[in-house]
Amino acid sequence: MTYFKAQKNMNKILFKNIKGLVQCGENINSLVGGVKMAQISTLKNAFLALENSEIVAYGPMEKWEDLADFDVIDAEGKYILPAFCDSHTHSIFAKTREEEFVDRIKGLSYEEIALKGGGILNSARALQGISEDILFEHSKIRIEKIINCGTGALEIKSGYGLNVEAELKMLRVINRLKQHFQIPIRATLLAAHAFPLEYKENHRGYIDLIINKIIPEVQKEQLADYIDVFCERNYFSVEEMEEILSAGINAGLKPKVHVNQFSSFGGIKKACEMKALTVDHLEEITDEDIRVLKNSKTLPVFLPGCSHFLSIPFSNARRFISENIPFALASDFNPGSTPCYNLSTIWSLACIKMKLTPEEALHALTINAAYAMGLQDSHGSISIGKKPGLILTKEIPSLAYIPYSFGENCIERVFI
């Protein structure tokens with residue numbers, strides 16, 4: 001079947017001879033789980049028409065016609081797939097932390113580094129001392145690199161500020177990036193990322209600061225879409241998470257949660273009760289966590305780049321498939337635990353370390369990842385009227401070659 005939509009007569013691109021048009025169709029679910037994740041809709045020897053970045057026509061080449069005024073691109077031997085959606089990143093930071101990378105090589109754990117003042121607190125010190133304009137310019141270069149690797153929608157968290165001024169500075173930079181780039185960018189308030197040194201023995205004081213100072217300012221300037229809490233031992237308890245998320249919800253922010261990275265103690269259950277859009281990390285999981293997730297609309301998000309870099313367990317994705325629980329994959333790009341924003345690499349890690357098939361992992365990077373950002377109506381699949389952004393590959397033998405050939409850049413061009 002061939003699909004068309006009325007033309008608008010500007011910014012027209014027509015791809016022909018596409019080896020495989022991936023994740024295409026008009027009846028693709030906005031969330032996919034279980035055995036269905038292994039089934040990718042791919043149209044072979046296809047054409048595709050874009051107008052103003054919107055998909056207006058596609059179909060098999062035997063139905064192709066030379067549409068007037070379209071710029072034609074011959075994609076023979078190449079695949080086209082929807083751009084990746086990255087629903088969990090910490091892309092705004094002032095400096096990298098390769099010295100901690102060396103510390104871990106010498107035997108220190110991520111938690112040990114954090115307890116001696118490294119980790120998140122290290123990034124906070126650097127960010128507090130940089131101007132908003134410089135932070136924006138550095139971040140702009142970084143986001144350009146992220147897009148060139150195939151990401152067509154991006155979530156960015158605060159959390160390296162840890163005081164009123166620096167958290168707002170981060171969120172204002174994210175807002176400027178939203179205006180600068182054509183891809184959708186979602187902002188998440190993560191002031192509850194760690195306790196600053198001055199509040200190390202006064203958790204109540206910092207929680208009050210978040211609730212009474214930071215959240216009202218964020219609401220006033222409309223700087224965030226989501227609110228997040230790092231619910232983990234040595235960070236924020238379930239009770240503290242609930243209090244902070246409740247304040248965010250009252251301010252119009254949707255909840256997301258960092259949870260079960262190192263331990264499981266009820267954070268998933270509480271997040272689901274609070275109707276969190278996602279629960280992210282889940283390297284540790286219990287039978288009770290599985291039971292709760294099966295009966296909720298909260299989406300798990302796995303971060304294999306973090307597991308790889310920190311040498312901690314990978315999320316048990318195969319169990320989630322067997323339990324018919326949908327999930328997404330994201331980069332967790334940040335300077336401390338995952339300095340990788342390339343979702344092709346994340347795709348490879350998901351296949352190699354989590355034993356996902358290429359098709360299962362691609363679902364988690366596109367359709368399900370779009371859901372994790374509230375973008376299921378516009379991103380994640382190639383359908384008429386959507387503007388998902390597109391990845392045009394180089395000439396490759398198969399779709400599976402992309403995660404197989406880890407380290408190789410298989411992307412020829414990204415269309416936003």
# chains A, B, ... in the order shown; residues from 1 in each chain; ligands from 1
>>> closest_atom_pairs(of="segment 69-123 of chain A", to="segment 394-416 of chain A", cutoff="12 Å", atoms="only C-alpha atoms", output="CSV")
residue,atom,partner,partner_atom,distance
A:Ile73,CA,A:Arg413,CA,11.5
A:Asp74,CA,A:Glu395,CA,11.4
A:Ala75,CA,A:Glu395,CA,8.4
A:Glu76,CA,A:Glu395,CA,7.6
A:Gly77,CA,A:Glu395,CA,4.9
A:Lys78,CA,A:Glu395,CA,4.6
A:Tyr79,CA,A:Leu399,CA,7.4
A:Ile80,CA,A:Lys394,CA,9.6
A:Leu81,CA,A:Leu399,CA,9.6
A:Pro82,CA,A:Phe415,CA,9.5
A:Ala83,CA,A:Val414,CA,7.7
A:Phe84,CA,A:Val414,CA,10.4
>>> residues_around(residues="segment 188-196 of chain A", least_positions_apart="5", cutoff="6 Å", atoms="only C-alpha atoms", output="ChimeraX atom specification")
/A:157-159,162,224-230,235
>>> select_by_dssp(residues="segment 159-333 of chain A", states="helix (DSSP H, G or I)", output="VMD selection string")
chain A and resid 164 to 180 197 to 199 203 to 221 238 to 250 267 to 273 287 to 294 304 to 310 317 to 322
>>> residues_around(residues="segment 133-144 of chain A", least_positions_apart="5", cutoff="10 Å", atoms="only C-alpha atoms", output="number ranges by chain")
A: 91-95, 127, 149, 151, 154, 169-170, 172-177, 180-181, 341
>>> residues_around(residues="Lys387 of chain A", least_positions_apart="3", cutoff="9 Å", atoms="only C-alpha atoms", output="ChimeraX atom specification")
/A:50,52-55,378-379,381-384,390,416
>>> closest_residue(among="A:Leu14, A:Ile147, A:Leu209, A:Leu223", to="Asn163 of chain A", atoms="only C-alpha atoms")
A:Leu209
>>> closest_atom_pairs(of="segment 28-97 of chain A", to="segment 308-330 of chain A", cutoff="10 Å", atoms="only C-alpha atoms", output="tab-separated table")
residue	atom	partner	partner_atom	distance
A:Leu31	CA	A:Pro326	CA	6.9
A:Val32	CA	A:Pro326	CA	5.7
A:Gly33	CA	A:Pro326	CA	3.9
A:Gly34	CA	A:Asn324	CA	4.0
A:Val35	CA	A:Ile321	CA	6.7
A:Lys36	CA	A:Asn324	CA	9.0
A:Met37	CA	A:Ile321	CA	8.1
A:Ala38	CA	A:Ile321	CA	9.8
A:Phe84	CA	A:Ala330	CA	9.3
A:Cys85	CA	A:Ala330	CA	7.8
A:Asp86	CA	A:Ala330	CA	5.1
A:Ser87	CA	A:Ala330	CA	5.8
A:His88	CA	A:Ala330	CA	5.6
A:Thr89	CA	A:Ala330	CA	7.6
>>> write_last_selection(atoms="C-alpha atoms", output="PDB file, in the first residue's frame")
ATOM      1  CA  LEU A  31       4.013   1.370  23.153  1.00  0.00           C
ATOM      2  CA  VAL A  32       5.294  -2.132  22.387  1.00  0.00           C
ATOM      3  CA  GLY A  33       6.225  -4.930  24.782  1.00  0.00           C
ATOM      4  CA  GLY A  34       6.831  -8.670  24.953  1.00  0.00           C
ATOM      5  CA  VAL A  35       7.225 -10.770  21.824  1.00  0.00           C
ATOM      6  CA  LYS A  36       5.947  -7.914  19.651  1.00  0.00           C
ATOM      7  CA  MET A  37       9.222  -6.067  20.261  1.00  0.00           C
ATOM      8  CA  ALA A  38      10.949  -8.571  17.975  1.00  0.00           C
ATOM      9  CA  PHE A  84      16.352   7.894  18.022  1.00  0.00           C
ATOM     10  CA  CYS A  85      14.659   9.448  21.047  1.00  0.00           C
ATOM     11  CA  ASP A  86      16.884   9.864  24.110  1.00  0.00           C
ATOM     12  CA  SER A  87      14.658  10.178  27.173  1.00  0.00           C
ATOM     13  CA  HIS A  88      17.370  10.339  29.867  1.00  0.00           C
ATOM     14  CA  THR A  89      20.438  12.582  29.640  1.00  0.00           C
TER      15      THR A  89
END
>>> closest_residue(among="A:Ile40, A:Ala46, A:Ala370, A:Val259", to="Glu62 of chain A", atoms="only C-alpha atoms")
A:Ala46
>>> atom_distance(atom1="atom CA of Leu197 of chain A", atom2="atom CA of Gln219 of chain A")
26.0 Å
>>> residues_around(residues="Pro216 of chain A", least_positions_apart="5", cutoff="10 Å", atoms="only C-alpha atoms", output="JSON, numbers by chain")
{"A": [210, 211, 221, 222, 247, 248, 251]}
>>> select_by_dssp(residues="segment 283-319 of chain A", states="strand (DSSP E or B)", output="list in words")
Leu299, Pro300, Val301 and Phe302 of chain A
>>> write_last_selection(atoms="C-alpha atoms", output="CSV table (one decimal), in the first residue's frame")
chain,number,residue,atom,x,y,z
A,299,LEU,CA,7.6,2.8,31.7
A,300,PRO,CA,11.0,1.3,32.7
A,301,VAL,CA,14.0,3.0,31.1
A,302,PHE,CA,17.2,1.0,30.9
>>> closest_atom_pairs(of="segment 232-276 of chain A", to="segment 288-294 of chain A", cutoff="10 Å", atoms="only C-alpha atoms", output="Markdown table")
| residue | atom | partner | partner_atom | distance |
| --- | --- | --- | --- | --- |
| A:Asn260 | CA | A:Asp289 | CA | 9.6 |
| A:Ser264 | CA | A:Asp289 | CA | 8.3 |
| A:Phe265 | CA | A:Asp289 | CA | 9.5 |
| A:Gly266 | CA | A:Asp289 | CA | 7.9 |
| A:Gly267 | CA | A:Asp289 | CA | 8.9 |
| A:Ile268 | CA | A:Asp289 | CA | 6.3 |
| A:Lys269 | CA | A:Val292 | CA | 6.1 |
| A:Lys270 | CA | A:Val292 | CA | 9.5 |
| A:Ala271 | CA | A:Leu293 | CA | 9.9 |
| A:Cys272 | CA | A:Leu293 | CA | 7.3 |
| A:Glu273 | CA | A:Val292 | CA | 9.1 |
>>> atom_distance(atom1="atom CA of Ile244 of chain A", atom2="atom CA of His203 of chain A")
12.2 Å
>>> atom_distance(atom1="atom CA of Leu277 of chain A", atom2="atom CA of Tyr199 of chain A")
29.0 Å
>>> closest_residue(among="A:Asp69, A:Asp280, A:Glu239, A:Glu198", to="Pro255 of chain A", atoms="only C-alpha atoms")
A:Asp280
